[in-house]
Amino acid sequence: MTQPTTAPPRRIHELLDPWVRTQPDAPAVRDAHTALGYAALDGAGQATAAALQAAGVRAGDRVLLVGENCVALCVLVLALSRLDAWPAIVNARLSPREIDEFIAHSGARRVLYTAHVSADAARHAARHGAAAVDWP
């Protein structure tokens with residue numbers, strides 16, 4: 001008897017599916033502010049994808065994420081994957097000139113800052129007049 005074959009993951013968010021099914025409450029990601037199990041991470045990614053779509057992010061868009069390692073960056077990457085959009089992660093500790101170069105040359109339709117966990121990201125966001133948004 002042959003085993004059924006499964007298609008390999010096409011997008012990064014699909015890598016979570018086996019973990020969501022088999023270990024939904026197991027720890028998936030954690031930072032100093034938040035800890036999520038696999039099911040909660042998947043749910044946050046779905047809710048954030050809906051919020052990004054409502055904000056006008058479409059398939060094929062590039063979205064620049066300015067921040068430091070945190071749960072929010074992970075959720076945003078998964079959400080963008082669900083929309084078939086492309087995240088570009090930039091370390092918020094870069095200089096203002098470097099961040100401005102990424103914004104100018106990345107082709108990003110949106111720039112998101114994880115200001116709640118990074119003072120550097122908050123400074124860049126303020127410099128660019130970014131509006132604060134409560135994401136799921």
# chains A, B, ... in the order shown; residues from 1 in each chain; ligands from 1

$ residues_around --residues "stretch 22-30 of chain A" --least-positions-apart "2" --cutoff "9 Å" --atoms "only C-alpha atoms" --output "JSON, numbers by chain"
{"A": [17, 18, 19, 20, 32, 33, 34, 35, 36, 37, 38, 39, 40, 41, 70, 71, 74]}

$ select_by_dssp --residues "chain A" --states "strand (DSSP E)" --output "list in words"
Pro27, Ala28, Val29, Arg30, Ala35, Leu36, Gly37, Arg62, Val63, Leu64, Leu65, Val66, Gly67, Trp86, Pro87, Ala88, Ile89, Val90, Asn91, Arg110, Val111, Leu112 and Tyr113 of chain A

$ closest_atom_pairs --of "stretch 45-69 of chain A" --to "stretch 86-106 of chain A" --cutoff "9 Å" --atoms "only C-alpha atoms" --output "CSV"
residue,atom,partner,partner_atom,distance
A:Ala59,CA,A:Trp86,CA,8.2
A:Gly60,CA,A:Trp86,CA,6.5
A:Asp61,CA,A:Trp86,CA,6.0
A:Arg62,CA,A:Trp86,CA,4.7
A:Val63,CA,A:Pro87,CA,4.9
A:Leu64,CA,A:Ala88,CA,4.8
A:Leu65,CA,A:Ile89,CA,4.7
A:Val66,CA,A:Val90,CA,4.9
A:Gly67,CA,A:Ala92,CA,4.6
A:Glu68,CA,A:Asn91,CA,5.8
A:Asn69,CA,A:Asn91,CA,8.5

$ residues_around --residues "A:Leu52" --least-positions-apart "3" --cutoff "10 Å" --atoms "only C-alpha atoms" --output "PyMOL selection string"
chain A and resi 46-49+55-58+76+79-80+83+110+135

$ write_last_selection --atoms "N, CA and C atoms" --output "short mmCIF file (atom, residue, chain, number, x, y, z; two decimals), in the first residue's frame"
data_model
loop_
_atom_site.label_atom_id
_atom_site.label_comp_id
_atom_site.auth_asym_id
_atom_site.auth_seq_id
_atom_site.Cartn_x
_atom_site.Cartn_y
_atom_site.Cartn_z
N GLN A 46 -3.64 34.72 11.37
CA GLN A 46 -4.86 34.86 10.57
C GLN A 46 -5.55 36.21 10.82
N ALA A 47 -5.65 36.58 12.09
CA ALA A 47 -6.30 37.85 12.43
C ALA A 47 -5.49 39.04 11.89
N THR A 48 -4.18 38.95 11.98
CA THR A 48 -3.33 40.03 11.49
C THR A 48 -3.38 40.10 9.97
N ALA A 49 -3.46 38.95 9.32
CA ALA A 49 -3.61 38.95 7.86
C ALA A 49 -4.89 39.68 7.46
N ALA A 55 -6.18 46.97 5.57
CA ALA A 55 -5.35 48.16 5.44
C ALA A 55 -4.80 48.32 4.01
N GLY A 56 -5.18 47.40 3.12
CA GLY A 56 -4.80 47.54 1.72
C GLY A 56 -3.63 46.72 1.26
N VAL A 57 -3.09 45.83 2.10
CA VAL A 57 -1.99 44.97 1.66
C VAL A 57 -2.56 43.88 0.77
N ARG A 58 -1.91 43.69 -0.39
CA ARG A 58 -2.38 42.73 -1.40
C ARG A 58 -1.30 41.70 -1.72
N LEU A 76 3.68 39.00 12.09
CA LEU A 76 3.58 39.77 10.84
C LEU A 76 4.09 38.98 9.64
N ALA A 79 1.46 36.45 8.82
CA ALA A 79 0.28 37.12 8.24
C ALA A 79 0.54 37.51 6.79
N LEU A 80 1.71 38.06 6.52
CA LEU A 80 2.04 38.45 5.14
C LEU A 80 2.13 37.23 4.24
N LEU A 83 -1.18 36.29 2.99
CA LEU A 83 -1.68 37.18 1.94
C LEU A 83 -0.87 37.06 0.64
N ARG A 110 4.08 49.35 2.26
CA ARG A 110 3.84 49.70 3.65
C ARG A 110 5.13 49.49 4.43
N TRP A 135 -2.62 45.99 16.43
CA TRP A 135 -2.78 44.78 15.62
C TRP A 135 -3.25 43.65 16.51
#

$ atom_distance --atom1 "atom CA of A:Leu15" --atom2 "atom CA of A:Gly45"
12.6 Å

$ atom_distance --atom1 "atom CA of A:Ala121" --atom2 "atom CA of A:Val133"
14.0 Å

$ atom_distance --atom1 "atom CA of A:His116" --atom2 "atom CA of A:Leu73"
11.3 Å

$ select_by_dssp --residues "chain A" --states "alpha helix (DSSP H)" --output "PyMOL selection string"
chain A and resi 17-22+38-54+71-82+96-106+119-127

$ write_last_selection --atoms "C-alpha atoms" --output "short mmCIF file (atom, residue, chain, number, x, y, z; two decimals), in the first residue's frame"
data_model
loop_
_atom_site.label_atom_id
_atom_site.label_comp_id
_atom_site.auth_asym_id
_atom_site.auth_seq_id
_atom_site.Cartn_x
_atom_site.Cartn_y
_atom_site.Cartn_z
CA ASP A 17 0.02 23.39 10.13
CA PRO A 18 1.41 20.10 11.53
CA TRP A 19 2.25 21.76 14.85
CA VAL A 20 -1.18 23.42 15.09
CA ARG A 21 -2.84 20.01 14.51
CA THR A 22 -0.63 17.91 16.79
CA TYR A 38 1.10 27.09 17.99
CA ALA A 39 -2.68 27.47 17.77
CA ALA A 40 -2.55 30.99 19.23
CA LEU A 41 0.29 31.93 16.87
CA ASP A 42 -1.72 30.63 13.92
CA GLY A 43 -4.81 32.53 15.10
CA ALA A 44 -2.81 35.73 15.55
CA GLY A 45 -1.39 35.31 12.05
CA GLN A 46 -4.86 34.86 10.57
CA ALA A 47 -6.30 37.85 12.43
CA THR A 48 -3.33 40.03 11.49
CA ALA A 49 -3.61 38.95 7.86
CA ALA A 50 -7.23 40.13 7.88
CA ALA A 51 -6.18 43.47 9.43
CA LEU A 52 -3.38 43.92 6.89
CA GLN A 53 -5.75 43.11 4.04
CA ALA A 54 -8.24 45.66 5.39
CA VAL A 71 6.63 37.79 18.66
CA ALA A 72 5.08 40.64 16.67
CA LEU A 73 7.62 40.23 13.86
CA CYS A 74 6.89 36.51 13.72
CA VAL A 75 3.14 37.13 13.55
CA LEU A 76 3.58 39.77 10.84
CA VAL A 77 5.73 37.45 8.71
CA LEU A 78 3.12 34.68 9.01
CA ALA A 79 0.28 37.12 8.24
CA LEU A 80 2.04 38.45 5.14
CA SER A 81 2.68 34.89 4.01
CA ARG A 82 -1.07 34.20 4.23
CA PRO A 96 18.20 56.73 10.25
CA ARG A 97 20.04 57.04 6.92
CA GLU A 98 20.17 53.26 6.50
CA ILE A 99 16.48 52.83 7.33
CA ASP A 100 15.62 55.62 4.88
CA GLU A 101 17.64 53.84 2.17
CA PHE A 102 15.71 50.61 2.75
CA ILE A 103 12.41 52.48 2.54
CA ALA A 104 13.46 54.34 -0.62
CA HIS A 105 14.80 51.30 -2.48
CA SER A 106 12.74 48.35 -1.24
CA ALA A 119 12.85 52.07 21.31
CA ASP A 120 14.84 52.31 18.06
CA ALA A 121 11.81 51.24 16.00
CA ALA A 122 9.70 53.78 17.91
CA ARG A 123 12.19 56.54 17.01
CA HIS A 124 12.13 55.57 13.33
CA ALA A 125 8.33 55.43 13.39
CA ALA A 126 8.14 58.90 14.95
CA ARG A 127 10.60 60.27 12.38
#
